[in-house]
Amino acid sequence: MKHDTYEKYSKARIDLPQKALLTTWDCLPDFRNDLVLVGGLAVRYLTKQPAEGLPGAVTLDVDLGISIAASSGSYPGIRDNLSGHGFKWENGRFVRMFDDWPLYIDLLTDDSNADKGTVVVDDGLPVGIFPGIDRALACNRLIEVSGKTLLDIPLAEKVKIAEVGPLLVLKLNAFGGPGGRKAPKDAHDILYLAMNYLDGPQRAIESFQEERRVANRGVANALKCLEAHFASPDAQGSISCAAFRLNNLHREPQFEQESLRIRQQCVTLAQSLLS
């Protein structure tokens with residue numbers, strides 16, 4: 001689930017994804033070598049907190065990369081473990097309802113023999129193929145996540161988080177790769193991740209360049225996305241980012257300068273990533 005503006009996230013149940021992550025990491029100890037956190041929640045843990053009043057990293061679901069070779073062996077599988085916490089496998093994703101609010105856990109994998117479709121992992125789960133997940137599984141960092149589980153039990157876990165280079169590739173593909181959804185939140189995530197990365201914007205750019213050198217399978221489409229959607233202040237990605245941050249008021253006269261500033265930041269970042 002994605003909203004089109006930041007304001008709508010501030011009113012949503014934004015605490016649920018972290019609770020779901022801690023619950024999942026705790027109940028799948030035998031799969032931790034085969035899992036890595038990607039998506040909007042990964043952006044949150046790889047970035048510094050924004051200044052008060054400025055948009056930050058928000059999400060309403062949990063995205064996990066999983067190795068194509070993941071197997072439960074003699075242990076209960078992922079489906080069984082998550083079902084014990086109220087999650088059902090429906091339409092290719094796990095979901096648990098909170099009143100009328102769906103909380104999703106999505107699994108993504110990589111397959112060198114295909115760029116799309118699904119592949120079966122673990123105990124018969126057909127997982128979507130997303131080029132670049134293998135690099136997230138190979139290039140990540142352990143970050144301690146502290147909070148409460150879905151049962152409100154305090155817990156601290158060291159979770160594998162995709163590093164900034166692979167995560168930027170994945171986010172660019174999510175926005176403008178084949179089948180990209182062009183979601184304004186993804187455009188915001190790209191800029192926010194690079195500009196607020198824990199080790200600084202320059203290191204984020206260098207990490208993306210490293211993905212180009214190691215032939216990350218998602219890089220080619222990530223570069224095409226930058227060229228097609230972030231090449232100018234009036235490109236779709238740039239405008240989408242401003243629209244998300246300014247709650248769709250990016251065309252209003254009172255936000256003209258702020259909108260232009262955000263859109264130009266997107267262009268400057270794209271130029272740096274493409275250089």
# chains A, B, ... in the order shown; residues from 1 in each chain; ligands from 1
$ residues_around --residues "Ala174 of chain A" --least-positions-apart "4" --cutoff "10 Å" --atoms "only C-alpha atoms" --output "PyMOL selection string"
chain A and resi 39+130+168-170+178-183+186-187+221-222+225
$ write_last_selection --atoms "C-alpha atoms" --output "PDB file, in the first residue's frame"
ATOM      1  CA  GLY A  39      12.119  -1.126   0.419  1.00  0.00           C
ATOM      2  CA  PHE A 130      13.271  -8.439  -9.114  1.00  0.00           C
ATOM      3  CA  LEU A 168      19.139   2.863  -4.783  1.00  0.00           C
ATOM      4  CA  VAL A 169      19.160   0.466  -7.733  1.00  0.00           C
ATOM      5  CA  LEU A 170      16.069  -1.306  -6.403  1.00  0.00           C
ATOM      6  CA  PRO A 178      10.041  -2.284 -16.480  1.00  0.00           C
ATOM      7  CA  GLY A 179       6.608  -2.335 -14.906  1.00  0.00           C
ATOM      8  CA  GLY A 180       7.622   0.540 -12.603  1.00  0.00           C
ATOM      9  CA  ARG A 181       4.699   2.011 -10.716  1.00  0.00           C
ATOM     10  CA  LYS A 182       5.865   5.680 -10.897  1.00  0.00           C
ATOM     11  CA  ALA A 183       4.741   6.104  -7.275  1.00  0.00           C
ATOM     12  CA  ASP A 186       9.469   5.982  -4.528  1.00  0.00           C
ATOM     13  CA  ALA A 187      10.766   9.226  -6.029  1.00  0.00           C
ATOM     14  CA  ASN A 221      17.225  -0.090 -15.946  1.00  0.00           C
ATOM     15  CA  ALA A 222      18.155   2.140 -12.993  1.00  0.00           C
ATOM     16  CA  CYS A 225      15.119   5.552 -15.106  1.00  0.00           C
TER      17      CYS A 225
END
$ residues_around --residues "Glu206 of chain A" --least-positions-apart "5" --cutoff "12 Å" --atoms "only C-alpha atoms" --output "list in words"
Glu163, Val164, Gly165, Pro166, Leu168, Ala194, Tyr197, Asp199, Gly200, Pro201, Glu211, Arg212, Arg213, Leu269, Ser272, Leu273, Leu274 and Ser275 of chain A
$ residues_around --residues "Ser112 of chain A" --least-positions-apart "6" --cutoff "10 Å" --atoms "only C-alpha atoms" --output "list of chain:residue names"
A:Ile129, A:Pro131, A:Gly132, A:Asp134, A:Arg217
$ write_last_selection --atoms "C-alpha atoms" --output "short mmCIF file (atom, residue, chain, number, x, y, z; two decimals), in the first residue's frame"
data_model
loop_
_atom_site.label_atom_id
_atom_site.label_comp_id
_atom_site.auth_asym_id
_atom_site.auth_seq_id
_atom_site.Cartn_x
_atom_site.Cartn_y
_atom_site.Cartn_z
CA ILE A 129 11.68 -11.87 -9.51
CA PRO A 131 16.75 -7.94 -10.63
CA GLY A 132 19.17 -6.53 -8.07
CA ASP A 134 21.08 -10.72 -5.22
CA ARG A 217 21.52 -6.86 -12.82
#
$ residues_around --residues "segment 88-104 of chain A" --least-positions-apart "4" --cutoff "10 Å" --atoms "only C-alpha atoms" --output "MDAnalysis selection string"
chainID A and resid 1 12:13 16:17 20 60:63 79:80 82:84 108 118 125:128
$ closest_residue --among "A:His3, A:Leu191, A:Gln209, A:Ala204" --to "Gln265 of chain A" --atoms "only C-alpha atoms"
A:Leu191
$ residues_around --residues "Tyr45 of chain A" --least-positions-apart "3" --cutoff "8 Å" --atoms "only C-alpha atoms" --output "JSON list (two decimals) with N, CA and C atoms, in the first residue's frame"
[["chain", "number", "residue", "atom", "x", "y", "z"],
["A", 41, "LEU", "N", 11.24, 0.56, 4.46],
["A", 41, "LEU", "CA", 11.71, 0.38, 5.83],
["A", 41, "LEU", "C", 13.24, 0.37, 5.88],
["A", 42, "ALA", "N", 13.87, -0.18, 4.85],
["A", 42, "ALA", "CA", 15.33, -0.15, 4.78],
["A", 42, "ALA", "C", 15.83, 1.29, 4.66],
["A", 48, "LYS", "N", 19.69, 9.30, 8.31],
["A", 48, "LYS", "CA", 19.60, 10.14, 9.50],
["A", 48, "LYS", "C", 18.19, 10.71, 9.59],
["A", 143, "ILE", "N", 22.09, -3.79, 11.31],
["A", 143, "ILE", "CA", 21.67, -2.63, 12.09],
["A", 143, "ILE", "C", 20.74, -3.11, 13.19],
["A", 161, "ILE", "N", 20.22, -5.14, 6.54],
["A", 161, "ILE", "CA", 19.62, -4.08, 5.74],
["A", 161, "ILE", "C", 20.41, -3.92, 4.45]]
$ select_by_dssp --residues "segment 128-246 of chain A" --states "alpha helix (DSSP H)" --output "PyMOL selection string"
chain A and resi 133-138+164-176+184-196+201-213+219-229+236-245
$ closest_residue --among "A:Ala270, A:Leu167, A:Leu226, A:Ala243" --to "Leu46 of chain A" --atoms "only C-alpha atoms"
A:Leu167
$ atom_distance --atom1 "atom CA of Asn81 of chain A" --atom2 "atom CA of Leu151 of chain A"
15.0 Å
$ residues_around --residues "Ala136 of chain A" --least-positions-apart "3" --cutoff "6 Å" --atoms "only C-alpha atoms" --output "NGL selection string"
:A and (133 or 139 or 162 or 166)
$ select_by_dssp --residues "segment 99-223 of chain A" --states "strand (DSSP E or B)" --output "mmCIF file with C-alpha atoms, in the first residue's frame"
data_model
loop_
_atom_site.group_PDB
_atom_site.id
_atom_site.type_symbol
_atom_site.label_atom_id
_atom_site.label_comp_id
_atom_site.auth_asym_id
_atom_site.auth_seq_id
_atom_site.Cartn_x
_atom_site.Cartn_y
_atom_site.Cartn_z
ATOM 1 C CA TRP A 101 -6.041 -1.937 7.644
ATOM 2 C CA PRO A 102 -3.953 -4.494 5.669
ATOM 3 C CA LEU A 103 -0.324 -4.983 6.707
ATOM 4 C CA TYR A 104 1.723 -6.638 3.957
ATOM 5 C CA ILE A 105 5.005 -8.524 3.938
ATOM 6 C CA ASP A 106 6.383 -8.911 0.407
ATOM 7 C CA LEU A 107 9.121 -11.302 -0.642
ATOM 8 C CA LEU A 108 11.329 -10.631 -3.684
ATOM 9 C CA THR A 109 14.073 -12.749 -5.190
ATOM 10 C CA ASP A 111 17.060 -15.243 -10.858
ATOM 11 C CA ALA A 114 14.887 -14.326 -15.904
ATOM 12 C CA THR A 118 8.031 -15.765 -10.292
ATOM 13 C CA VAL A 119 10.190 -18.536 -8.903
ATOM 14 C CA VAL A 120 9.328 -20.990 -6.136
ATOM 15 C CA VAL A 121 11.345 -20.720 -2.909
ATOM 16 C CA LEU A 125 6.097 -19.918 -2.208
ATOM 17 C CA PRO A 126 5.975 -18.344 -5.709
ATOM 18 C CA VAL A 127 8.067 -15.216 -5.194
ATOM 19 C CA GLY A 128 8.383 -12.338 -7.658
ATOM 20 C CA ILE A 129 11.678 -11.867 -9.511
ATOM 21 C CA ASN A 140 24.264 -5.183 3.345
ATOM 22 C CA ARG A 141 24.908 -4.126 6.904
ATOM 23 C CA LEU A 142 23.651 -5.308 10.281
ATOM 24 C CA ILE A 143 21.672 -2.630 12.086
ATOM 25 C CA GLU A 144 20.111 -3.034 15.497
ATOM 26 C CA VAL A 145 16.378 -2.420 15.367
ATOM 27 C CA SER A 146 14.698 -1.843 18.715
ATOM 28 C CA GLY A 147 11.009 -1.621 19.396
ATOM 29 C CA LYS A 148 8.037 -3.849 20.026
ATOM 30 C CA PRO A 154 10.008 -5.232 23.607
ATOM 31 C CA LEU A 155 12.694 -6.641 21.328
ATOM 32 C CA ALA A 156 16.033 -5.671 19.808
ATOM 33 C CA GLU A 157 17.332 -7.548 16.764
ATOM 34 C CA LYS A 158 20.300 -7.081 14.472
ATOM 35 C CA VAL A 159 18.679 -7.030 11.036
ATOM 36 C CA LYS A 160 20.366 -7.286 7.635
ATOM 37 C CA ILE A 161 19.616 -4.079 5.743
ATOM 38 C CA ALA A 162 20.429 -3.684 2.032
ATOM 39 C CA TYR A 197 22.411 8.372 4.064
#
